[in-house]
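Engineer: structure-v2.cif is reproduced below (mmCIF, C-alpha atoms and all ligand atoms).
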```cif
data_entry
loop_
_atom_site.label_atom_id
_atom_site.label_comp_id
_atom_site.auth_asym_id
_atom_site.auth_seq_id
_atom_site.Cartn_x
_atom_site.Cartn_y
_atom_site.Cartn_z
CA MET O 1 115.82 164.50 68.15
CA ASP O 2 112.19 163.36 68.33
CA LEU O 3 110.18 165.88 70.29
CA SER O 4 106.76 164.30 69.83
CA SER O 5 104.91 162.84 72.82
CA PRO O 6 105.60 159.17 73.56
CA ARG O 7 103.43 156.60 71.75
CA GLY O 8 100.12 156.12 73.54
CA THR O 9 100.08 159.49 75.29
CA ILE O 10 98.03 162.57 74.42
CA ASP O 11 97.88 166.23 75.30
CA ILE O 12 94.53 167.32 76.69
CA TYR O 13 93.46 170.89 75.91
CA GLY O 14 90.72 173.11 74.53
CA GLU O 15 87.28 171.54 74.31
CA ASP O 16 88.53 168.28 75.86
CA ILE O 17 89.42 170.16 79.04
CA ASP O 18 85.81 171.45 79.21
CA TYR O 19 84.55 167.87 78.88
CA ARG O 20 87.06 166.60 81.41
CA ASN O 21 86.16 169.25 83.98
CA TYR O 22 82.48 168.61 83.42
CA ILE O 23 82.97 164.87 84.03
CA ILE O 24 85.09 165.40 87.13
CA ASN O 25 82.78 168.07 88.57
CA THR O 26 79.74 165.86 88.01
CA ALA O 27 81.51 163.02 89.84
CA ARG O 28 82.57 165.28 92.71
CA GLU O 29 79.02 166.59 93.17
CA ILE O 30 77.56 163.08 93.33
CA LEU O 31 80.31 161.70 95.55
CA GLU O 32 79.90 164.52 98.03
CA ILE O 33 76.20 163.70 98.32
CA PHE O 34 77.04 160.01 98.82
CA ASN O 35 79.65 160.91 101.46
CA TYR O 36 82.88 159.85 99.74
CA ALA O 37 86.18 161.58 100.59
CA GLU O 38 89.05 162.11 98.17
CA ILE O 39 92.39 160.32 98.40
CA ILE O 40 95.50 160.96 96.31
CA THR O 41 98.20 158.27 96.08
CA PRO O 42 101.55 158.29 94.20
CA ALA O 43 101.60 157.61 90.45
CA PHE O 44 104.19 154.86 91.04
CA GLU O 45 104.60 152.16 93.66
CA TYR O 46 106.93 149.28 94.40
CA THR O 47 106.16 146.66 91.78
CA GLN O 48 104.93 144.01 94.23
CA VAL O 49 102.00 146.28 95.26
CA PHE O 50 100.49 145.49 91.85
CA SER O 51 101.90 142.04 91.06
CA ARG O 52 100.64 140.64 94.37
CA SER O 53 97.20 142.20 94.19
CA ILE O 54 96.14 142.25 90.54
CA GLY O 55 97.52 138.75 89.91
CA GLU O 56 100.62 137.46 88.10
CA ASN O 57 98.55 135.83 85.35
CA THR O 58 96.44 138.83 84.44
CA ASP O 59 97.21 140.65 81.19
CA ILE O 60 97.95 143.77 83.18
CA VAL O 61 100.74 142.27 85.29
CA SER O 62 102.16 139.85 82.72
CA LYS O 63 102.17 142.21 79.72
CA GLN O 64 101.12 145.77 80.40
CA MET O 65 103.03 147.22 83.34
CA TYR O 66 105.59 150.01 83.05
CA THR O 67 108.21 148.59 85.41
CA PHE O 68 111.72 149.95 85.86
CA PRO O 69 114.50 150.00 88.45
CA ASP O 70 115.26 153.36 90.06
CA LYS O 71 118.85 154.53 90.62
CA LYS O 72 119.18 152.34 93.71
CA GLY O 73 117.89 149.32 91.79
CA ARG O 74 114.46 149.22 93.50
CA LEU O 75 111.77 147.93 91.19
CA LEU O 76 109.03 150.51 90.61
CA THR O 77 105.86 150.39 88.51
CA LEU O 78 103.69 153.20 87.17
CA ARG O 79 100.24 152.41 88.55
CA PRO O 80 98.10 150.46 86.06
CA GLU O 81 94.92 150.92 88.16
CA GLY O 82 93.82 152.64 91.37
CA THR O 83 92.68 150.03 93.87
CA ALA O 84 95.99 148.38 94.83
CA SER O 85 97.60 151.73 95.71
CA ILE O 86 94.65 152.72 97.83
CA VAL O 87 94.73 149.47 99.77
CA ARG O 88 98.48 149.99 100.28
CA ALA O 89 97.78 153.53 101.54
CA ILE O 90 95.05 152.35 103.91
CA LEU O 91 97.36 149.73 105.43
CA GLU O 92 100.37 152.02 105.63
CA ASN O 93 98.46 154.90 107.23
CA LYS O 94 96.40 152.55 109.40
CA MET O 95 93.26 154.22 108.11
CA TYR O 96 91.32 151.03 108.90
CA SER O 97 91.51 151.92 112.57
CA GLU O 98 89.15 154.81 111.86
CA LYS O 99 85.44 154.23 111.74
CA LEU O 100 84.65 151.74 108.99
CA PRO O 101 83.51 151.74 106.26
CA LEU O 102 85.94 154.16 104.72
CA LYS O 103 84.33 155.67 101.64
CA LEU O 104 87.01 157.06 99.34
CA PHE O 105 87.30 158.32 95.79
CA TYR O 106 90.27 159.10 93.56
CA ILE O 107 91.07 160.80 90.28
CA GLY O 108 94.40 159.98 88.68
CA ASN O 109 96.47 158.98 85.68
CA MET O 110 97.16 155.29 85.08
CA PHE O 111 99.65 153.58 82.79
CA ARG O 112 99.40 150.40 80.76
CA TYR O 113 101.67 149.24 77.97
CA GLU O 114 99.06 148.32 75.37
CA LYS O 115 98.67 148.71 71.65
CA PRO O 116 97.35 152.29 71.46
CA GLN O 117 94.00 152.81 69.76
CA LYS O 118 91.13 155.26 70.06
CA GLY O 119 89.96 155.18 73.66
CA ARG O 120 92.90 153.09 74.82
CA MET O 121 96.01 155.06 75.59
CA ARG O 122 99.15 154.06 77.48
CA GLU O 123 98.58 156.93 79.87
CA PHE O 124 94.92 157.41 80.73
CA TRP O 125 92.84 159.00 83.48
CA GLN O 126 90.47 157.23 85.78
CA LEU O 127 88.14 158.16 88.55
CA GLY O 128 86.93 155.60 90.99
CA ILE O 129 85.52 154.83 94.41
CA GLU O 130 86.48 152.31 97.09
CA SER O 131 84.27 151.40 100.05
CA ILE O 132 86.44 149.67 102.60
CA GLY O 133 85.21 147.73 105.61
CA SER O 134 81.67 146.52 104.99
CA ASP O 135 80.37 143.27 103.58
CA ASN O 136 76.81 144.63 103.48
CA PRO O 137 75.29 144.06 100.01
CA ILE O 138 73.68 147.52 100.27
CA ILE O 139 77.12 149.03 99.79
CA ASP O 140 77.57 147.00 96.56
CA ALA O 141 74.21 148.34 95.42
CA GLU O 142 75.35 151.85 96.39
CA ALA O 143 78.44 151.56 94.18
CA ILE O 144 76.26 150.44 91.25
CA TRP O 145 73.80 153.24 92.05
CA ILE O 146 76.57 155.87 91.89
CA LEU O 147 77.97 154.47 88.64
CA ASN O 148 74.53 154.52 87.04
CA LEU O 149 73.62 157.97 88.36
CA PHE O 150 76.94 159.40 87.20
CA PHE O 151 76.43 158.40 83.56
CA GLU O 152 72.78 159.45 83.66
CA LYS O 153 73.81 162.90 84.91
CA LEU O 154 76.43 163.18 82.18
CA GLY O 155 73.63 162.73 79.65
CA PHE O 156 74.06 159.12 78.50
CA LYS O 157 70.68 157.72 77.47
CA LYS O 158 70.72 154.00 76.65
CA LEU O 159 72.61 152.57 79.58
CA ALA O 160 72.70 148.91 80.51
CA LEU O 161 74.05 147.49 83.74
CA LYS O 162 75.57 144.06 83.73
CA VAL O 163 75.98 142.30 87.07
CA ASN O 164 77.36 138.95 88.12
CA ASN O 165 78.61 137.18 91.20
CA ILE O 166 81.86 135.28 90.74
CA GLY O 167 81.71 133.69 94.18
CA CYS O 168 84.04 133.65 97.11
CA ARG O 169 87.24 131.58 97.19
CA LYS O 170 85.33 128.62 98.59
CA CYS O 171 82.60 128.30 96.02
CA ARG O 172 84.67 129.48 93.07
CA LYS O 173 86.92 126.44 93.51
CA LYS O 174 84.00 124.15 92.76
CA PHE O 175 83.02 126.21 89.74
CA LEU O 176 86.57 126.18 88.38
CA GLU O 177 86.69 122.38 88.58
CA GLU O 178 83.51 122.16 86.50
CA PHE O 179 84.72 124.88 84.18
CA LYS O 180 87.97 123.00 83.50
CA LYS O 181 86.05 119.79 82.95
CA TYR O 182 83.95 121.62 80.34
CA LEU O 183 86.98 123.23 78.67
CA ARG O 184 89.22 120.19 78.46
CA PRO O 185 87.69 118.72 75.24
CA GLU O 186 87.44 122.24 73.73
CA LYS O 187 91.00 123.22 74.62
CA ASN O 188 92.36 123.10 71.08
CA LYS O 189 89.85 125.69 69.94
CA LEU O 190 91.29 128.25 72.39
CA CYS O 191 93.98 130.79 71.47
CA SER O 192 97.53 130.19 72.70
CA ASP O 193 97.11 132.73 75.54
CA CYS O 194 93.95 131.02 76.74
CA ARG O 195 95.57 127.59 76.60
CA LYS O 196 98.17 128.97 78.97
CA ARG O 197 95.42 130.50 81.09
CA PHE O 198 93.67 127.13 81.19
CA LYS O 199 96.63 125.78 83.12
CA GLU O 200 97.42 128.75 85.32
CA ASN O 201 94.25 130.78 85.84
CA PRO O 202 91.22 129.58 83.86
CA LEU O 203 88.90 132.40 84.99
CA ARG O 204 91.04 134.81 82.94
CA ILE O 205 89.84 133.09 79.74
CA PHE O 206 86.70 135.22 80.15
CA ASP O 207 88.88 138.30 79.56
CA CYS O 208 89.79 137.09 76.05
CA LYS O 209 88.15 139.06 73.25
CA LYS O 210 89.03 136.56 70.48
CA ILE O 211 85.96 135.19 68.70
CA ASP O 212 87.06 131.52 68.91
CA CYS O 213 87.44 131.79 72.66
CA THR O 214 84.17 133.64 73.26
CA GLU O 215 82.43 130.96 71.14
CA VAL O 216 83.82 128.24 73.39
CA LEU O 217 82.63 130.15 76.46
CA LYS O 218 79.05 130.38 75.24
CA GLY O 219 78.19 126.90 76.50
CA SER O 220 80.30 127.08 79.66
CA PRO O 221 78.77 126.26 83.07
CA ASP O 222 76.89 129.04 84.86
CA ILE O 223 78.70 130.18 87.98
CA SER O 224 75.44 130.97 89.77
CA TYR O 225 74.76 127.24 90.21
CA TYR O 226 77.97 126.85 92.19
CA LEU O 227 77.63 129.78 94.59
CA CYS O 228 77.64 128.97 98.30
CA SER O 229 74.58 129.97 100.32
CA GLU O 230 76.27 133.13 101.59
CA CYS O 231 77.31 134.36 98.13
CA LYS O 232 73.87 133.53 96.81
CA LYS O 233 72.17 135.46 99.62
CA ASN O 234 74.46 138.47 99.16
CA PHE O 235 73.81 138.59 95.43
CA GLU O 236 70.05 138.33 95.94
CA GLU O 237 70.19 141.25 98.36
CA VAL O 238 72.17 143.39 95.91
CA LEU O 239 69.57 142.68 93.23
CA LYS O 240 66.71 143.38 95.63
CA CYS O 241 68.28 146.70 96.50
CA LEU O 242 68.68 147.61 92.83
CA LYS O 243 65.01 146.85 92.29
CA ILE O 244 63.99 149.10 95.16
CA LEU O 245 66.18 151.86 93.71
CA ASP O 246 64.57 151.28 90.31
CA ILE O 247 67.93 150.54 88.66
CA LYS O 248 67.57 148.16 85.74
CA TYR O 249 70.19 145.43 85.40
CA ARG O 250 71.00 142.32 83.45
CA ILE O 251 72.77 139.26 84.89
CA ASP O 252 75.74 138.31 82.67
CA LYS O 253 77.23 134.98 83.72
CA ASN O 254 80.36 135.57 81.62
CA LEU O 255 81.21 138.89 83.25
CA VAL O 256 84.43 138.47 85.29
CA ARG O 257 86.47 141.70 84.79
CA GLY O 258 90.23 141.42 84.40
CA PHE O 259 91.55 141.38 87.97
CA ASP O 260 92.27 138.37 90.16
CA TYR O 261 91.25 140.22 93.30
CA TYR O 262 87.52 140.32 92.56
CA THR O 263 85.17 138.23 94.68
CA GLY O 264 81.38 138.16 94.90
CA THR O 265 79.33 140.84 93.18
CA ILE O 266 80.91 142.51 90.14
CA PHE O 267 79.33 144.92 87.67
CA GLU O 268 79.87 146.88 84.48
CA ILE O 269 77.92 149.67 82.81
CA ILE O 270 77.68 149.81 79.04
CA SER O 271 76.20 152.22 76.51
CA GLU O 272 73.87 150.46 74.10
CA ASP O 273 74.38 153.27 71.62
CA LEU O 274 77.88 151.98 70.92
CA GLU O 275 79.37 148.88 69.33
CA SER O 276 80.07 146.04 71.71
CA ALA O 277 83.85 146.14 71.32
CA GLN O 278 84.08 149.47 73.07
CA ASN O 279 80.81 150.07 74.84
CA ALA O 280 82.01 149.57 78.42
CA LEU O 281 81.91 152.86 80.32
CA GLY O 282 83.08 151.63 83.70
CA GLY O 283 82.80 148.88 86.22
CA GLY O 284 84.00 147.29 89.40
CA GLY O 285 83.19 144.84 92.12
CA ARG O 286 83.90 143.39 95.50
CA TYR O 287 87.39 142.44 96.61
CA ASP O 288 87.01 140.87 100.05
CA ASN O 289 90.41 139.10 100.16
CA LEU O 290 92.67 141.80 98.74
CA ILE O 291 93.39 143.63 102.00
CA SER O 292 94.29 140.45 103.90
CA ASP O 293 96.31 139.21 100.90
CA MET O 294 98.32 142.43 101.08
CA GLY O 295 99.13 141.83 104.73
CA GLY O 296 96.22 143.57 106.40
CA ALA O 297 93.33 142.38 108.50
CA ASP O 298 90.38 140.53 107.04
CA ILE O 299 88.56 143.62 105.71
CA PRO O 300 85.92 143.36 102.97
CA ALA O 301 85.70 146.05 100.27
CA THR O 302 84.10 147.05 96.99
CA GLY O 303 84.64 149.74 94.35
CA PHE O 304 84.55 150.80 90.71
CA ALA O 305 86.58 152.74 88.16
CA VAL O 306 85.62 154.84 85.14
CA GLY O 307 87.87 155.90 82.27
CA ILE O 308 87.77 159.68 81.92
CA ASP O 309 89.39 159.92 78.45
CA ARG O 310 87.10 157.20 77.17
CA THR O 311 84.06 159.00 78.55
CA ILE O 312 85.11 162.20 76.75
CA ILE O 313 85.38 160.34 73.43
CA LEU O 314 82.01 158.66 73.92
CA MET O 315 80.25 161.90 74.92
CA LYS O 316 81.50 163.51 71.71
CA GLN O 317 80.64 160.45 69.63
CA LEU O 318 77.08 160.47 71.00
CA ASN O 319 76.81 164.26 70.60
CA ILE O 320 76.21 164.81 74.29
CA ASP O 321 76.49 168.53 74.96
CA LEU O 322 77.90 169.96 78.13
CA LYS O 323 75.13 171.52 80.16
CA LYS O 324 76.68 174.89 80.71
CA SER O 325 75.35 176.39 83.88
CA ASP O 326 78.00 179.04 83.67
CA LYS O 327 76.55 181.78 81.50
CA LYS O 328 78.34 184.61 83.27
CA SER O 329 79.15 187.66 81.23
CA LYS O 330 82.75 188.14 80.23
CA VAL O 331 84.37 191.51 79.60
CA TYR O 332 87.27 192.14 77.20
CA LEU O 333 89.26 195.36 77.37
CA ILE O 334 90.73 196.61 74.11
CA ALA O 335 93.61 199.03 74.66
CA MET O 336 94.64 201.04 71.64
CA ASP O 337 98.33 201.52 72.53
CA LYS O 338 100.98 200.65 75.10
CA ILE O 339 100.06 203.42 77.57
CA SER O 340 96.37 202.49 77.42
CA GLN O 341 97.35 198.90 78.16
CA ILE O 342 98.93 199.94 81.45
CA TYR O 343 95.88 202.10 82.28
CA SER O 344 93.64 199.12 81.47
CA THR O 345 95.19 197.05 84.24
CA LEU O 346 93.44 199.40 86.69
CA ILE O 347 90.08 198.51 85.14
CA LEU O 348 91.02 194.81 85.20
CA LYS O 349 91.88 195.16 88.90
CA TYR O 350 88.48 196.67 89.65
CA LEU O 351 86.57 194.04 87.63
CA ARG O 352 88.53 191.12 89.07
CA GLU O 353 87.92 192.33 92.60
CA LYS O 354 84.23 192.24 91.71
CA GLU O 355 84.75 188.66 90.42
CA VAL O 356 83.93 189.57 86.83
CA VAL O 357 85.55 187.26 84.26
CA CYS O 358 87.70 189.63 82.17
CA ASP O 359 90.86 189.99 80.16
CA MET O 360 92.59 192.52 77.91
CA ASN O 361 94.56 192.53 74.67
CA PHE O 362 98.26 192.08 75.36
CA ASN O 363 99.19 192.46 71.71
CA ILE O 364 98.00 195.57 69.84
CA ARG O 365 95.95 194.66 66.77
CA SER O 366 93.22 196.41 64.80
CA LEU O 367 89.94 197.09 66.62
CA LYS O 368 88.07 194.97 64.09
CA LYS O 369 90.33 192.00 64.70
CA GLU O 370 90.02 192.39 68.46
CA ILE O 371 86.21 192.47 68.36
CA THR O 372 86.09 189.35 66.19
CA TRP O 373 88.50 187.62 68.56
CA ALA O 374 86.42 188.64 71.60
CA ARG O 375 83.24 187.28 70.03
CA ASP O 376 84.92 183.99 69.02
CA ASN O 377 86.19 183.55 72.54
CA GLY O 378 82.85 183.94 74.27
CA TYR O 379 83.08 187.54 75.48
CA ASN O 380 79.82 189.50 75.73
CA PHE O 381 81.22 192.96 76.39
CA ILE O 382 84.16 194.98 75.20
CA ILE O 383 85.49 198.21 76.68
CA ILE O 384 87.70 200.35 74.47
CA VAL O 385 90.57 202.23 76.13
CA GLY O 386 92.55 204.88 74.22
CA GLU O 387 94.10 208.29 74.70
CA ASP O 388 90.70 210.12 74.92
CA GLU O 389 89.27 207.61 77.39
CA MET O 390 92.25 208.03 79.69
CA LYS O 391 91.97 211.82 79.56
CA THR O 392 88.20 212.12 80.14
CA GLY O 393 87.49 208.88 82.01
CA ASN O 394 84.52 208.32 79.70
CA LEU O 395 84.56 204.69 78.62
CA THR O 396 82.54 203.09 75.85
CA MET O 397 81.22 199.65 76.73
CA LYS O 398 79.66 197.54 73.98
CA ASP O 399 77.46 194.48 74.16
CA ILE O 400 78.89 192.71 71.10
CA ASN O 401 76.02 190.25 70.72
CA LYS O 402 73.14 192.69 71.14
CA PHE O 403 74.94 195.60 69.46
CA LYS O 404 74.10 197.90 72.36
CA GLN O 405 76.42 200.64 73.52
CA TYR O 406 76.81 202.18 76.99
CA LYS O 407 78.72 205.19 78.31
CA VAL O 408 80.51 204.72 81.62
CA ASP O 409 82.03 207.50 83.72
CA TRP O 410 85.04 205.54 85.01
CA LYS O 411 86.22 208.26 87.40
CA ASN O 412 82.89 208.95 89.17
CA ASP O 413 80.57 206.01 88.49
CA LYS O 414 82.53 202.84 87.79
CA GLU O 415 79.80 200.71 89.46
CA LYS O 416 77.79 201.24 86.31
CA ILE O 417 79.90 198.54 84.58
CA ILE O 418 78.71 196.00 87.14
CA GLU O 419 75.12 197.21 86.79
CA ILE O 420 75.21 196.72 83.02
CA ILE O 421 76.67 193.23 83.35
CA GLY O 422 74.19 192.38 86.12
CA ALA O 423 71.21 193.40 83.99
CA GLN O 424 72.53 191.25 81.16
CA ASN O 425 72.96 188.24 83.48
CA ILE O 426 69.29 188.41 84.45
CA ASP O 427 67.85 188.30 80.93
ZN ZN O 501 80.77 131.71 98.15
ZN ZN O 502 91.69 133.48 73.99
#
```
Would you mind writing the structure in this file as structure tokens?
Ligand SMILES: [Zn+2]
Ligand SMILES: [Zn+2]
Structural biologist:
Amino acid sequence: MDLSSPRGTIDIYGEDIDYRNYIINTAREILEIFNYAEIITPAFEYTQVFSRSIGENTDIVSKQMYTFPDKKGRLLTLRPEGTASIVRAILENKMYSEKLPLKLFYIGNMFRYEKPQKGRMREFWQLGIESIGSDNPIIDAEAIWILNLFFEKLGFKKLALKVNNIGCRKCRKKFLEEFKKYLRPEKNKLCSDCRKRFKENPLRIFDCKKIDCTEVLKGSPDISYYLCSECKKNFEEVLKCLKILDIKYRIDKNLVRGFDYYTGTIFEIISEDLESAQNALGGGGRYDNLISDMGGADIPATGFAVGIDRTIILMKQLNIDLKKSDKKSKVYLIAMDKISQIYSTLILKYLREKEVVCDMNFNIRSLKKEITWARDNGYNFIIIVGEDEMKTGNLTMKDINKFKQYKVDWKNDKEKIIEIIGAQNID
């Protein structure tokens, strides 16, 4: 029997958990300031939630979804992204009847059946925001602002923001006609997937990473010439807002992002410290038709998503350290035998009530081994508990980094432990 984890999945532990918590906490702090509330949706949905929203011709729906019938034969899919589920939740719970815009964020695991490689797993974690119910370009700029601020706060240095406007349904039609006209004589240079896309959904050709296809796209018409006056005005306002906020950006006419539901302003943030194949840190855009397409009212929306696992890998690759604000002292009790272990729980109880981070040895080993272990695991203090200590109540507390030693009268003056730790926390 094979007891390894399924292909494309990983266990997250140790240092990676520190990175992950740091990333999530940074996001939570920013999102609280920007007034976003958390939402949690199921990890699986009825398949049509995704096929109808993301688009039948996208790589995600046509190739990458984990879809299976349940015991009653209902077709379910593990979520490949966050937005469709959130729109489903908003419609189902009639959240749109509350004051709009709804500003929501989510953190969750997503699933895509892809060829696993570093930074691209079949189960991966994303965090994202969705602003539902405003067509104001300021809210697009706000999403870009948050995305940029988030990576700045994490410690990324050379960031570049790519923005584009892919038009509304009206003006995109005109662009697609011109685009097809341009592609027709070049069609044979495209890969087989893109030839299929040419017929069914030409915009998706921009998702192709194959060199031949990207070469063909280099001379393709610029969508900005085909935007209607409203799309043009909206995009100008987003850019104006970014200027006011002093956020640097670059217009990339070939940026489309791989979902059919995008309309209008879309964006992506990249790290210029990394190779182009895997430099995208996160991105998103407006999806003004998705809610009505899924059976709701005509409600405009925008959002973005960031890959958490990917961000961890990139932070390590770029040697970005975690800014540890938490330098609290930790105390490790070393009991010399079984009876001292039981006695030590009393000391643990006292310390934990005082919110001191502490632990004790559950397995009896040599004192030397215990001290080494304590040091390796970030403890500053040890307290030794043996037969004598239990009898007299006189404990020895050692600062293992500064090689200082303190006597504590446990029975009459246990507060001294806290005083010693407190003094250490100040310097
Ligand atoms: Zn338009
Ligand atoms: Zn292609």
Engineer: Between O:Ile132, O:Val49, O:Ala301, O:Met360, which is the closest to Ser340 in chain O once you count only C-alpha atoms?
Structural biologist: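 Nearest to Ser340 in chain O: O:Met360.
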Engineer: Using only C-alpha atoms and all ligand atoms, which residue out of O:Arg195, O:Lys218, O:Lys316, O:Lys330 lies closest to ligand ZN 502 (chain O)?
Structural biologist: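 Nearest candidate to ligand ZN 502 (chain O) out of O:Arg195, O:Lys218, O:Lys316, O:Lys330: O:Arg195.
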Engineer: Any idea what's packed within 12 Å of Leu274 in chain O, counting all atoms listed in the file, ignoring anything in its chain fewer than 5 positions away? Could you give it as a list in words?
Structural biologist: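 Here the qualifying residues turn out to be Phe156, Lys157, Lys158, Leu159, Ala160, Asn279, Ala280, Leu281, Ile313, Leu314, Met315, Gln317 and Leu318 of chain O.
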Engineer: Wanna dump the chain O-ligand ZN 501 (chain O) contacts at 10 Å for me, each residue with its shortest atom pair and the distance in Å to one decimal, counting all atoms listed in the file, ordered by chain and number, as a tab-separated table?
Structural biologist:
```
residue	atom	partner	partner_atom	distance
O:Asn165	CA	O:ZN501	ZN	9.1
O:Ile166	CA	O:ZN501	ZN	8.3
O:Gly167	CA	O:ZN501	ZN	4.5
O:Cys168	CA	O:ZN501	ZN	3.9
O:Arg169	CA	O:ZN501	ZN	6.5
O:Lys170	CA	O:ZN501	ZN	5.5
O:Cys171	CA	O:ZN501	ZN	4.4
O:Arg172	CA	O:ZN501	ZN	6.8
O:Lys173	CA	O:ZN501	ZN	9.3
O:Lys174	CA	O:ZN501	ZN	9.8
O:Ser224	CA	O:ZN501	ZN	10.0
O:Tyr226	CA	O:ZN501	ZN	8.2
O:Leu227	CA	O:ZN501	ZN	5.1
O:Cys228	CA	O:ZN501	ZN	4.2
O:Ser229	CA	O:ZN501	ZN	6.8
O:Glu230	CA	O:ZN501	ZN	5.8
O:Cys231	CA	O:ZN501	ZN	4.4
O:Lys232	CA	O:ZN501	ZN	7.3
O:Lys233	CA	O:ZN501	ZN	9.5
O:Asn234	CA	O:ZN501	ZN	9.3
O:Thr263	CA	O:ZN501	ZN	8.6
O:Gly264	CA	O:ZN501	ZN	7.2
```
Engineer: At a cut-off of 9 Å, can you tabulate as JSON lines every residue of chain O near ligand ZN 502 (chain O) together with its closest atom pair and the distance in Å to one decimal, using all atoms listed in the file and ordering rows by chain then number?
Structural biologist:
```
{"residue": "O:Lys189", "atom": "CA", "partner": "O:ZN502", "partner_atom": "ZN", "distance": 9.0}
{"residue": "O:Leu190", "atom": "CA", "partner": "O:ZN502", "partner_atom": "ZN", "distance": 5.5}
{"residue": "O:Cys191", "atom": "CA", "partner": "O:ZN502", "partner_atom": "ZN", "distance": 4.3}
{"residue": "O:Ser192", "atom": "CA", "partner": "O:ZN502", "partner_atom": "ZN", "distance": 6.8}
{"residue": "O:Asp193", "atom": "CA", "partner": "O:ZN502", "partner_atom": "ZN", "distance": 5.7}
{"residue": "O:Cys194", "atom": "CA", "partner": "O:ZN502", "partner_atom": "ZN", "distance": 4.3}
{"residue": "O:Arg195", "atom": "CA", "partner": "O:ZN502", "partner_atom": "ZN", "distance": 7.5}
{"residue": "O:Arg197", "atom": "CA", "partner": "O:ZN502", "partner_atom": "ZN", "distance": 8.6}
{"residue": "O:Ile205", "atom": "CA", "partner": "O:ZN502", "partner_atom": "ZN", "distance": 6.1}
{"residue": "O:Phe206", "atom": "CA", "partner": "O:ZN502", "partner_atom": "ZN", "distance": 8.1}
{"residue": "O:Asp207", "atom": "CA", "partner": "O:ZN502", "partner_atom": "ZN", "distance": 7.9}
{"residue": "O:Cys208", "atom": "CA", "partner": "O:ZN502", "partner_atom": "ZN", "distance": 4.6}
{"residue": "O:Lys209", "atom": "CA", "partner": "O:ZN502", "partner_atom": "ZN", "distance": 6.6}
{"residue": "O:Lys210", "atom": "CA", "partner": "O:ZN502", "partner_atom": "ZN", "distance": 5.4}
{"residue": "O:Ile211", "atom": "CA", "partner": "O:ZN502", "partner_atom": "ZN", "distance": 8.0}
{"residue": "O:Asp212", "atom": "CA", "partner": "O:ZN502", "partner_atom": "ZN", "distance": 7.1}
{"residue": "O:Cys213", "atom": "CA", "partner": "O:ZN502", "partner_atom": "ZN", "distance": 4.8}
{"residue": "O:Thr214", "atom": "CA", "partner": "O:ZN502", "partner_atom": "ZN", "distance": 7.6}
```
Engineer: Give as an mmCIF file with C-alpha atoms, keeping the file's coordinate frame each residue that has an atom at most 12 Å from (78.2, 192.3, 76.9) in the file, counting all atoms listed in the file.
Structural biologist:
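Contents of point-v3.cif, freshly written:
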```
data_model
loop_
_atom_site.group_PDB
_atom_site.id
_atom_site.type_symbol
_atom_site.label_atom_id
_atom_site.label_comp_id
_atom_site.auth_asym_id
_atom_site.auth_seq_id
_atom_site.Cartn_x
_atom_site.Cartn_y
_atom_site.Cartn_z
ATOM 1 C CA LYS O 327 76.550 181.780 81.500
ATOM 2 C CA LYS O 328 78.340 184.610 83.270
ATOM 3 C CA SER O 329 79.150 187.660 81.230
ATOM 4 C CA LYS O 330 82.750 188.140 80.230
ATOM 5 C CA VAL O 331 84.370 191.510 79.600
ATOM 6 C CA TYR O 332 87.270 192.140 77.200
ATOM 7 C CA LEU O 333 89.260 195.360 77.370
ATOM 8 C CA VAL O 356 83.930 189.570 86.830
ATOM 9 C CA VAL O 357 85.550 187.260 84.260
ATOM 10 C CA CYS O 358 87.700 189.630 82.170
ATOM 11 C CA ILE O 371 86.210 192.470 68.360
ATOM 12 C CA ALA O 374 86.420 188.640 71.600
ATOM 13 C CA ARG O 375 83.240 187.280 70.030
ATOM 14 C CA GLY O 378 82.850 183.940 74.270
ATOM 15 C CA TYR O 379 83.080 187.540 75.480
ATOM 16 C CA ASN O 380 79.820 189.500 75.730
ATOM 17 C CA PHE O 381 81.220 192.960 76.390
ATOM 18 C CA ILE O 382 84.160 194.980 75.200
ATOM 19 C CA ILE O 383 85.490 198.210 76.680
ATOM 20 C CA THR O 396 82.540 203.090 75.850
ATOM 21 C CA MET O 397 81.220 199.650 76.730
ATOM 22 C CA LYS O 398 79.660 197.540 73.980
ATOM 23 C CA ASP O 399 77.460 194.480 74.160
ATOM 24 C CA ILE O 400 78.890 192.710 71.100
ATOM 25 C CA ASN O 401 76.020 190.250 70.720
ATOM 26 C CA LYS O 402 73.140 192.690 71.140
ATOM 27 C CA PHE O 403 74.940 195.600 69.460
ATOM 28 C CA LYS O 404 74.100 197.900 72.360
ATOM 29 C CA GLN O 405 76.420 200.640 73.520
ATOM 30 C CA TYR O 406 76.810 202.180 76.990
ATOM 31 C CA ILE O 417 79.900 198.540 84.580
ATOM 32 C CA ILE O 418 78.710 196.000 87.140
ATOM 33 C CA GLU O 419 75.120 197.210 86.790
ATOM 34 C CA ILE O 420 75.210 196.720 83.020
ATOM 35 C CA ILE O 421 76.670 193.230 83.350
ATOM 36 C CA GLY O 422 74.190 192.380 86.120
ATOM 37 C CA ALA O 423 71.210 193.400 83.990
ATOM 38 C CA GLN O 424 72.530 191.250 81.160
ATOM 39 C CA ASN O 425 72.960 188.240 83.480
ATOM 40 C CA ASP O 427 67.850 188.300 80.930
#
```
Engineer: Considering all atoms listed in the file, return as a list in words whatever protein or nucleic-acid residues lie within 12 Å of range 244-248 of chain O, sequence-local ones (same chain, fewer than 5 positions apart) excluded.
Structural biologist: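 Counting all atoms listed in the file, the residues come to Ile138, Ala141, Glu142, Ala143, Ile144, Trp145, Ile146, Leu147, Asn148, Leu149, Glu152, Lys158, Leu159, Ala160, Leu161, Lys162, Val163, Glu237, Val238, Leu239 and Ile269 of chain O.
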